[in-house]
file input-v1.txt (compact mmCIF, C-alpha atoms and all ligand atoms)
# COMPACT_ATOMS: atom_id res chain seq x y z
CA MET A 164 0.00 0.00 0.00
CA LEU A 165 1.09 3.52 -0.78
CA ALA A 166 0.03 6.56 1.30
CA ILE A 167 -0.74 9.21 -1.29
CA ASN A 168 -1.04 12.93 -0.58
CA GLU A 169 -1.81 13.98 -4.15
CA ILE A 170 -1.61 12.95 -7.81
CA PHE A 171 -1.52 15.58 -10.55
CA GLU A 172 -0.19 16.17 -14.04
CA THR A 173 2.12 19.11 -14.73
CA ILE A 174 5.56 20.00 -16.12
CA GLN A 175 8.59 18.71 -14.22
CA GLY A 176 10.07 21.91 -12.80
CA GLU A 177 13.31 20.57 -11.32
CA GLY A 178 16.51 18.85 -12.33
CA VAL A 179 17.53 17.01 -15.49
CA PHE A 180 13.93 16.41 -16.66
CA THR A 181 12.90 20.07 -16.31
CA GLY A 182 10.26 20.85 -18.95
CA VAL A 183 9.06 17.27 -19.37
CA PRO A 184 5.28 16.70 -18.92
CA ALA A 185 4.90 14.44 -15.91
CA ILE A 186 2.41 12.80 -13.59
CA PHE A 187 3.38 13.52 -9.98
CA VAL A 188 2.61 11.00 -7.25
CA ARG A 189 3.28 12.62 -3.87
CA LEU A 190 3.57 10.15 -0.99
CA GLN A 191 2.73 11.08 2.59
CA GLY A 192 5.21 11.06 5.48
CA CYS A 193 8.68 12.48 6.05
CA PRO A 194 10.70 12.57 9.29
CA VAL A 195 13.73 14.51 7.94
CA GLY A 196 12.52 17.98 8.98
CA CYS A 197 14.22 20.41 6.55
CA PRO A 198 13.29 23.86 7.96
CA TRP A 199 12.78 25.33 4.46
CA CYS A 200 10.81 22.34 3.06
CA ASP A 201 8.15 23.54 0.60
CA THR A 202 5.88 20.51 1.23
CA GLN A 203 5.56 20.44 5.04
CA GLN A 204 1.96 19.24 4.69
CA THR A 205 3.41 15.83 3.77
CA TRP A 206 5.39 15.32 6.98
CA ALA A 207 2.74 13.76 9.27
CA LEU A 208 1.14 10.43 8.44
CA ASN A 209 -1.87 10.41 10.80
CA ASP A 210 -4.74 7.92 10.71
CA ASP A 211 -7.15 10.81 11.30
CA ASP A 212 -6.16 12.36 7.96
CA GLN A 213 -7.03 9.36 5.80
CA ILE A 214 -9.47 10.06 2.94
CA ASP A 215 -10.87 8.11 -0.04
CA PRO A 216 -8.97 8.10 -3.35
CA ALA A 217 -12.02 9.82 -4.90
CA GLN A 218 -11.60 12.74 -2.46
CA MET A 219 -7.80 12.76 -2.78
CA ILE A 220 -7.87 13.28 -6.54
CA LEU A 221 -10.14 16.33 -6.08
CA LYS A 222 -7.85 17.99 -3.49
CA THR A 223 -6.93 21.58 -4.26
CA GLY A 224 -4.99 22.95 -1.26
CA ASP A 225 -1.84 21.66 0.45
CA THR A 226 -3.23 19.52 3.28
CA PRO A 227 -1.95 16.45 5.19
CA ALA A 228 -4.92 14.38 3.96
CA TRP A 229 -3.81 11.14 2.31
CA SER A 230 -5.24 8.05 0.70
CA SER A 231 -4.15 4.42 0.87
CA MET A 232 -3.81 2.94 -2.63
CA THR A 233 -2.26 -0.07 -4.33
CA ALA A 234 0.00 0.31 -7.37
CA GLN A 235 -2.80 -1.10 -9.55
CA GLN A 236 -5.32 1.43 -8.19
CA VAL A 237 -2.93 4.27 -9.00
CA LEU A 238 -2.61 3.01 -12.58
CA GLN A 239 -6.42 2.87 -12.88
CA LEU A 240 -6.63 6.43 -11.59
CA PHE A 241 -4.14 7.56 -14.26
CA SER A 242 -6.42 6.23 -17.00
CA GLN A 243 -9.58 7.63 -15.35
CA GLN A 244 -7.90 11.03 -15.29
CA GLN A 245 -6.90 10.61 -18.96
CA TYR A 246 -3.37 11.79 -18.30
CA THR A 247 -1.17 12.02 -21.38
CA ALA A 248 2.29 12.29 -19.74
CA LYS A 249 4.49 9.21 -19.89
CA HIS A 250 6.94 10.35 -17.21
CA VAL A 251 5.96 9.61 -13.60
CA VAL A 252 7.65 11.46 -10.74
CA ILE A 253 7.34 9.77 -7.35
CA THR A 254 7.99 12.33 -4.65
CA GLY A 255 6.75 13.27 -1.20
CA GLY A 256 7.23 13.47 1.61
CA GLU A 257 9.98 10.91 1.56
CA PRO A 258 8.98 8.30 -1.06
CA CYS A 259 11.79 5.92 -0.10
CA MET A 260 10.06 5.18 3.20
CA PHE A 261 7.98 2.92 0.91
CA ASP A 262 9.10 -0.13 -1.06
CA LEU A 263 8.62 1.15 -4.63
CA ARG A 264 9.72 -1.97 -6.54
CA GLU A 265 6.26 -3.25 -7.48
CA PHE A 266 4.96 0.23 -8.35
CA THR A 267 7.92 1.27 -10.54
CA THR A 268 8.11 -2.08 -12.36
CA LEU A 269 4.36 -1.99 -13.05
CA LEU A 270 4.67 1.55 -14.43
CA HIS A 271 7.49 0.46 -16.76
CA GLN A 272 5.38 -2.49 -17.95
CA GLN A 273 2.62 -0.01 -18.81
CA GLY A 274 5.02 2.12 -20.87
CA TYR A 275 5.85 4.86 -18.36
CA ARG A 276 9.31 6.16 -17.43
CA THR A 277 9.74 6.65 -13.67
CA GLN A 278 11.71 9.08 -11.55
CA ILE A 279 12.04 9.17 -7.76
CA GLU A 280 12.84 12.34 -5.81
CA THR A 281 14.49 11.35 -2.53
CA SER A 282 16.55 12.82 0.28
CA GLY A 283 18.88 9.80 0.27
CA THR A 284 18.19 9.07 3.92
CA PHE A 285 16.31 5.78 3.28
CA GLU A 286 17.16 2.69 1.24
CA VAL A 287 16.09 3.20 -2.39
CA ARG A 288 13.88 0.23 -3.31
CA CYS A 289 12.80 0.59 -6.94
CA ASP A 290 13.10 -0.92 -10.43
CA PRO A 291 16.66 -0.88 -11.86
CA ALA A 292 15.43 1.33 -14.75
CA THR A 293 14.02 4.08 -12.47
CA TRP A 294 15.79 7.45 -12.65
CA VAL A 295 16.79 8.29 -9.08
CA THR A 296 17.27 11.91 -8.09
CA VAL A 297 18.94 12.25 -4.71
CA SER A 298 18.61 15.65 -3.05
CA PRO A 299 20.85 14.99 -0.04
CA LYS A 300 19.72 16.31 3.31
CA LEU A 301 22.62 16.94 5.67
CA ASP A 302 22.38 17.85 9.38
CA MET A 303 18.61 18.24 9.41
CA PRO A 304 16.59 18.27 12.67
CA GLY A 305 15.26 14.72 12.17
CA GLY A 306 18.82 13.39 12.61
CA TYR A 307 18.85 11.16 9.51
CA GLU A 308 22.12 10.49 7.63
CA VAL A 309 22.52 10.38 3.86
CA ARG A 310 23.21 6.78 2.84
CA ALA A 311 26.22 5.81 0.73
CA ASP A 312 24.07 3.26 -1.17
CA ALA A 313 21.57 5.98 -2.12
CA MET A 314 24.39 8.22 -3.40
CA ALA A 315 25.82 5.28 -5.39
CA ARG A 316 22.37 4.57 -6.93
CA ALA A 317 21.73 8.19 -7.92
CA ASN A 318 21.39 9.15 -11.58
CA GLU A 319 21.23 12.78 -10.51
CA ILE A 320 22.25 14.73 -7.42
CA LYS A 321 20.11 17.84 -6.94
CA HIS A 322 21.46 19.80 -4.04
CA PRO A 323 19.49 22.66 -2.45
CA ILE A 324 21.75 25.57 -1.53
CA ALA A 325 21.51 29.05 -0.01
CA MET A 326 25.07 29.60 1.30
CA GLN A 327 28.65 28.59 0.55
CA LYS A 328 28.55 26.20 3.54
CA HIS A 329 25.95 24.13 1.68
CA VAL A 330 28.34 23.75 -1.27
CA ASP A 331 31.13 22.76 1.14
CA ALA A 332 28.84 20.17 2.75
CA LEU A 333 28.08 18.69 -0.70
CA ASP A 334 31.82 18.48 -1.47
CA ALA A 335 32.42 16.63 1.81
CA LEU A 336 29.51 14.27 1.09
CA LEU A 337 30.80 13.50 -2.42
CA SER A 338 34.22 12.64 -1.03
CA ARG A 339 32.85 10.20 1.54
CA CYS A 340 30.00 8.80 -0.62
CA PRO A 341 31.08 8.55 -4.27
CA VAL A 342 28.54 8.74 -7.10
CA GLN A 343 28.62 6.75 -10.36
CA GLU A 344 30.55 8.23 -13.26
CA GLY A 345 28.10 10.23 -15.39
CA THR A 346 25.82 11.22 -12.51
CA THR A 347 24.59 14.76 -13.17
CA ILE A 348 25.06 17.27 -10.36
CA CYS A 349 22.52 20.10 -10.14
CA LEU A 350 22.41 22.96 -7.66
CA GLN A 351 18.93 24.20 -6.71
CA PRO A 352 18.58 27.60 -5.01
CA ILE A 353 16.47 27.36 -1.85
CA SER A 354 13.12 29.18 -2.16
CA GLN A 355 14.15 31.29 -5.20
CA ARG A 356 16.23 33.56 -2.94
CA PRO A 357 18.20 35.97 -5.18
CA ARG A 358 21.51 35.46 -3.30
CA ALA A 359 21.07 31.68 -3.35
CA THR A 360 20.34 31.84 -7.08
CA GLN A 361 23.44 33.96 -7.79
CA LEU A 362 25.61 31.60 -5.73
CA ALA A 363 24.21 28.57 -7.59
CA ILE A 364 24.89 30.26 -10.96
CA ASP A 365 28.49 31.08 -9.92
CA ILE A 366 29.27 27.58 -8.61
CA CYS A 367 27.64 25.86 -11.61
CA ARG A 368 29.79 27.93 -13.97
CA GLN A 369 32.97 27.16 -11.99
CA ARG A 370 32.29 23.43 -11.70
CA ASN A 371 30.40 22.81 -14.96
CA TRP A 372 27.38 21.62 -12.92
CA ARG A 373 23.71 22.17 -13.85
CA LEU A 374 21.39 24.82 -12.46
CA SER A 375 17.88 23.75 -11.34
CA VAL A 376 15.59 26.70 -10.60
CA GLN A 377 12.18 25.21 -9.72
CA LEU A 378 10.64 26.39 -13.00
CA HIS A 379 7.10 25.67 -11.73
CA LYS A 380 7.47 28.35 -9.05
CA TYR A 381 8.50 30.99 -11.63
CA LEU A 382 5.52 29.92 -13.75
CA ALA A 383 3.16 29.71 -10.72
CA ILE A 384 1.94 26.25 -11.75
CA ALA A 385 1.65 23.10 -9.61
C1 LIG A 401 9.77 18.31 -1.26
S1 LIG A 401 11.09 17.23 -1.66
C2 LIG A 401 10.33 15.63 -1.62
C3 LIG A 401 11.26 14.50 -1.95
C4 LIG A 401 12.33 14.16 -0.91
N1 LIG A 401 11.86 14.23 0.43
C5 LIG A 401 13.52 15.07 -1.10
O1 LIG A 401 13.78 15.88 -0.21
O2 LIG A 401 14.16 14.95 -2.13
C6 LIG A 401 11.29 17.50 -3.41
C7 LIG A 401 12.42 18.41 -3.82
O3 LIG A 401 12.13 19.73 -3.39
C8 LIG A 401 13.31 20.29 -2.87
N2 LIG A 401 12.92 21.41 -2.01
C9 LIG A 401 12.09 21.36 -0.96
N3 LIG A 401 11.89 22.59 -0.45
C10 LIG A 401 12.60 23.44 -1.22
C11 LIG A 401 12.80 24.84 -1.21
N4 LIG A 401 12.22 25.63 -0.29
N5 LIG A 401 13.60 25.38 -2.16
C12 LIG A 401 14.21 24.59 -3.09
N6 LIG A 401 14.05 23.27 -3.15
C13 LIG A 401 13.26 22.69 -2.23
C14 LIG A 401 13.98 19.14 -2.19
O4 LIG A 401 15.34 19.35 -1.93
C15 LIG A 401 13.77 18.04 -3.21
O5 LIG A 401 14.75 18.13 -4.21
N1 LIG A 402 6.16 21.15 -11.30
C1 LIG A 402 6.75 20.56 -10.26
N2 LIG A 402 7.96 20.01 -10.41
C2 LIG A 402 8.52 19.39 -9.34
N3 LIG A 402 9.69 18.73 -9.29
C3 LIG A 402 9.85 18.21 -8.07
C4 LIG A 402 8.74 18.53 -7.28
C5 LIG A 402 8.55 17.98 -5.93
O1 LIG A 402 7.81 18.54 -5.13
O2 LIG A 402 9.17 16.93 -5.65
C6 LIG A 402 7.89 19.30 -8.08
C7 LIG A 402 6.61 19.93 -7.93
O3 LIG A 402 5.99 19.98 -6.88
N4 LIG A 402 6.09 20.52 -9.05
S1 LIG A 403 13.45 15.46 3.06
FE1 LIG A 403 12.21 16.34 1.42
S2 LIG A 403 10.05 16.23 2.11
FE2 LIG A 403 11.36 15.78 3.86
S3 LIG A 403 11.53 17.76 4.90
FE3 LIG A 403 13.29 17.61 3.51
S4 LIG A 403 12.64 18.53 1.58
FE4 LIG A 403 10.79 18.17 2.80
MG MG A 404 7.57 20.67 -4.93
call {"tool": "encode", "arguments": {"input": "input-v1.txt", "output": "structure tokens", "more": "lines below"}}
Ligand SMILES: C[S@@+](CC[C@H](N)C(=O)[O-])C[C@H]1O[C@@H](n2cnc3c(N)ncnc32)[C@H](O)[C@@H]1O
Ligand SMILES: Nc1nc2[nH]cc(C(=O)O)c2c(=O)[nH]1
Ligand code: SF4
Ligand SMILES: [Mg+2]
result
Amino acid sequence: MLAINEIFETIQGEGVFTGVPAIFVRLQGCPVGCPWCDTQQTWALNDDDQIDPAQMILKTGDTPAWSSMTAQQVLQLFSQQQYTAKHVVITGGEPCMFDLREFTTLLHQQGYRTQIETSGTFEVRCDPATWVTVSPKLDMPGGYEVRADAMARANEIKHPIAMQKHVDALDALLSRCPVQEGTTICLQPISQRPRATQLAIDICRQRNWRLSVQLHKYLAIA
């Protein structure tokens, strides 16, 4: 069973797949506690907040309400909604609190490409063909550590930064937890702050890394 906060179709606004039409599946629950997290409504997984899938798909605001669904039910919902995107982004919350092997393999069998957005603090359990984006969370209040096996599985590292110390922390992480050759490194300014954005531009130019600017926030879309 998957605890689902919301499902919607939009344009991927972050990372390597920026601009690609995508179905987002946002899972409920995250104990990492990033103070600047833009989806804090997904942190708590309370029984009291459980709703039907029929109500979940009609949600408009950011609320902690969630629905319990199987992988097959999610696929059925995709066809009911008549989505056209073939790229599925599994995010949260922290999606890797769930075993995503059955879900991602089923999606591939149905012709979808899958991507997981994760903090790297839980074991990544997914199909070998899934694109894994690790956005490492270092020294956050929840006390979780970034896992070396998550870093080694990553196809993309997308690091949120606001200050030079965040770049230094990424450098230290990359030296203790190596990534595969060819893994793309993106820097993502935290909350569109102008100074964070300028720092990310400067470091990306120096290092030949990629800039990820949360396009959806500039466009004011979901
Ligand atoms: C909300 S998280 C959910 C997935 C997973 N828990 C994670 O942290 O990767 C999705 C992405 O949004 C990023 N993010 C969250 N809040 C942000 C903010 N205020 N500014 C920039 N990026 C943010 C995260 O770093 C992550 O890359
Ligand atoms: N458009 C859009 N792109 C996104 N990329 C990652 C997101 C996320 O919340 O994980 C996100 C999101 O919430 N919306
Ligand atoms: S790990 Fe992701 S969902 Fe959890 S608090 Fe941090 S940014 Fe938010
Ligand atoms: Mg988001």
call {"tool": "residues_around", "arguments": {"input": "input-v1.txt", "residues": "Val376 (chain A)", "least_positions_apart": "3", "cutoff": "7 Å", "atoms": "all atoms listed in the file", "output": "PyMOL selection string"}}
result
chain A and resi 177+351-352
call {"tool": "write_last_selection", "arguments": {"input": "input-v1.txt", "atoms": "C-alpha atoms", "output": "PDB file, in the coordinates of the input"}}
result
ATOM      1  CA  GLU A 177      13.310  20.570 -11.320  1.00  0.00           C
ATOM      2  CA  GLN A 351      18.930  24.200  -6.710  1.00  0.00           C
ATOM      3  CA  PRO A 352      18.580  27.600  -5.010  1.00  0.00           C
TER       4      PRO A 352
END
call {"tool": "closest_residue", "arguments": {"input": "input-v1.txt", "among": "A:Met260, A:Leu190, A:Leu382, A:Cys200", "to": "ligand LIG 401 (chain A)", "atoms": "all atoms listed in the file"}}
result
A:Cys200
call {"tool": "residues_around", "arguments": {"input": "input-v1.txt", "residues": "Val195 (chain A)", "least_positions_apart": "2", "cutoff": "12 Å", "atoms": "only C-alpha atoms", "output": "MDAnalysis selection string"}}
result
chainID A and resid 192:193 197:200 202:203 205:207 255:260 281:285 299:309
call {"tool": "atom_distance", "arguments": {"input": "input-v1.txt", "atom1": "CA of Ile364 (chain A)", "atom2": "CA of Gln175 (chain A)"}}
result
20.2 Å
call {"tool": "residues_around", "arguments": {"input": "input-v1.txt", "residues": "Arg288 (chain A)", "least_positions_apart": "6", "cutoff": "7 Å", "atoms": "all atoms listed in the file", "output": "VMD selection string"}}
result
chain A and resid 259 262 to 264
call {"tool": "closest_residue", "arguments": {"input": "input-v1.txt", "among": "A:Thr254, A:Gln278, A:Gln235, A:Thr293", "to": "ligand LIG 401 (chain A)", "atoms": "all atoms listed in the file"}}
result
A:Thr254
call {"tool": "decode", "arguments": {"input": "input-v1.txt", "residues": "region 175-288 of chain A", "atoms": "C-alpha atoms", "output": "CSV table (one decimal), in the first residue's frame"}}
result
chain,number,residue,atom,x,y,z
A,175,GLN,CA,8.6,18.7,-14.2
A,176,GLY,CA,10.1,21.9,-12.8
A,177,GLU,CA,13.3,20.6,-11.3
A,178,GLY,CA,16.5,18.9,-12.3
A,179,VAL,CA,17.5,17.0,-15.5
A,180,PHE,CA,13.9,16.4,-16.7
A,181,THR,CA,12.9,20.1,-16.3
A,182,GLY,CA,10.3,20.9,-18.9
A,183,VAL,CA,9.1,17.3,-19.4
A,184,PRO,CA,5.3,16.7,-18.9
A,185,ALA,CA,4.9,14.4,-15.9
A,186,ILE,CA,2.4,12.8,-13.6
A,187,PHE,CA,3.4,13.5,-10.0
A,188,VAL,CA,2.6,11.0,-7.3
A,189,ARG,CA,3.3,12.6,-3.9
A,190,LEU,CA,3.6,10.2,-1.0
A,191,GLN,CA,2.7,11.1,2.6
A,192,GLY,CA,5.2,11.1,5.5
A,193,CYS,CA,8.7,12.5,6.0
A,194,PRO,CA,10.7,12.6,9.3
A,195,VAL,CA,13.7,14.5,7.9
A,196,GLY,CA,12.5,18.0,9.0
A,197,CYS,CA,14.2,20.4,6.6
A,198,PRO,CA,13.3,23.9,8.0
A,199,TRP,CA,12.8,25.3,4.5
A,200,CYS,CA,10.8,22.3,3.1
A,201,ASP,CA,8.1,23.5,0.6
A,202,THR,CA,5.9,20.5,1.2
A,203,GLN,CA,5.6,20.4,5.0
A,204,GLN,CA,2.0,19.2,4.7
A,205,THR,CA,3.4,15.8,3.8
A,206,TRP,CA,5.4,15.3,7.0
A,207,ALA,CA,2.7,13.8,9.3
A,208,LEU,CA,1.1,10.4,8.4
A,209,ASN,CA,-1.9,10.4,10.8
A,210,ASP,CA,-4.7,7.9,10.7
A,211,ASP,CA,-7.1,10.8,11.3
A,212,ASP,CA,-6.2,12.4,8.0
A,213,GLN,CA,-7.0,9.4,5.8
A,214,ILE,CA,-9.5,10.1,2.9
A,215,ASP,CA,-10.9,8.1,0.0
A,216,PRO,CA,-9.0,8.1,-3.3
A,217,ALA,CA,-12.0,9.8,-4.9
A,218,GLN,CA,-11.6,12.7,-2.5
A,219,MET,CA,-7.8,12.8,-2.8
A,220,ILE,CA,-7.9,13.3,-6.5
A,221,LEU,CA,-10.1,16.3,-6.1
A,222,LYS,CA,-7.8,18.0,-3.5
A,223,THR,CA,-6.9,21.6,-4.3
A,224,GLY,CA,-5.0,23.0,-1.3
A,225,ASP,CA,-1.8,21.7,0.5
A,226,THR,CA,-3.2,19.5,3.3
A,227,PRO,CA,-1.9,16.4,5.2
A,228,ALA,CA,-4.9,14.4,4.0
A,229,TRP,CA,-3.8,11.1,2.3
A,230,SER,CA,-5.2,8.0,0.7
A,231,SER,CA,-4.1,4.4,0.9
A,232,MET,CA,-3.8,2.9,-2.6
A,233,THR,CA,-2.3,-0.1,-4.3
A,234,ALA,CA,0.0,0.3,-7.4
A,235,GLN,CA,-2.8,-1.1,-9.6
A,236,GLN,CA,-5.3,1.4,-8.2
A,237,VAL,CA,-2.9,4.3,-9.0
A,238,LEU,CA,-2.6,3.0,-12.6
A,239,GLN,CA,-6.4,2.9,-12.9
A,240,LEU,CA,-6.6,6.4,-11.6
A,241,PHE,CA,-4.1,7.6,-14.3
A,242,SER,CA,-6.4,6.2,-17.0
A,243,GLN,CA,-9.6,7.6,-15.4
A,244,GLN,CA,-7.9,11.0,-15.3
A,245,GLN,CA,-6.9,10.6,-19.0
A,246,TYR,CA,-3.4,11.8,-18.3
A,247,THR,CA,-1.2,12.0,-21.4
A,248,ALA,CA,2.3,12.3,-19.7
A,249,LYS,CA,4.5,9.2,-19.9
A,250,HIS,CA,6.9,10.3,-17.2
A,251,VAL,CA,6.0,9.6,-13.6
A,252,VAL,CA,7.7,11.5,-10.7
A,253,ILE,CA,7.3,9.8,-7.4
A,254,THR,CA,8.0,12.3,-4.6
A,255,GLY,CA,6.8,13.3,-1.2
A,256,GLY,CA,7.2,13.5,1.6
A,257,GLU,CA,10.0,10.9,1.6
A,258,PRO,CA,9.0,8.3,-1.1
A,259,CYS,CA,11.8,5.9,-0.1
A,260,MET,CA,10.1,5.2,3.2
A,261,PHE,CA,8.0,2.9,0.9
A,262,ASP,CA,9.1,-0.1,-1.1
A,263,LEU,CA,8.6,1.2,-4.6
A,264,ARG,CA,9.7,-2.0,-6.5
A,265,GLU,CA,6.3,-3.3,-7.5
A,266,PHE,CA,5.0,0.2,-8.4
A,267,THR,CA,7.9,1.3,-10.5
A,268,THR,CA,8.1,-2.1,-12.4
A,269,LEU,CA,4.4,-2.0,-13.0
A,270,LEU,CA,4.7,1.5,-14.4
A,271,HIS,CA,7.5,0.5,-16.8
A,272,GLN,CA,5.4,-2.5,-18.0
A,273,GLN,CA,2.6,0.0,-18.8
A,274,GLY,CA,5.0,2.1,-20.9
A,275,TYR,CA,5.9,4.9,-18.4
A,276,ARG,CA,9.3,6.2,-17.4
A,277,THR,CA,9.7,6.7,-13.7
A,278,GLN,CA,11.7,9.1,-11.5
A,279,ILE,CA,12.0,9.2,-7.8
A,280,GLU,CA,12.8,12.3,-5.8
A,281,THR,CA,14.5,11.3,-2.5
A,282,SER,CA,16.5,12.8,0.3
A,283,GLY,CA,18.9,9.8,0.3
A,284,THR,CA,18.2,9.1,3.9
A,285,PHE,CA,16.3,5.8,3.3
A,286,GLU,CA,17.2,2.7,1.2
A,287,VAL,CA,16.1,3.2,-2.4
A,288,ARG,CA,13.9,0.2,-3.3
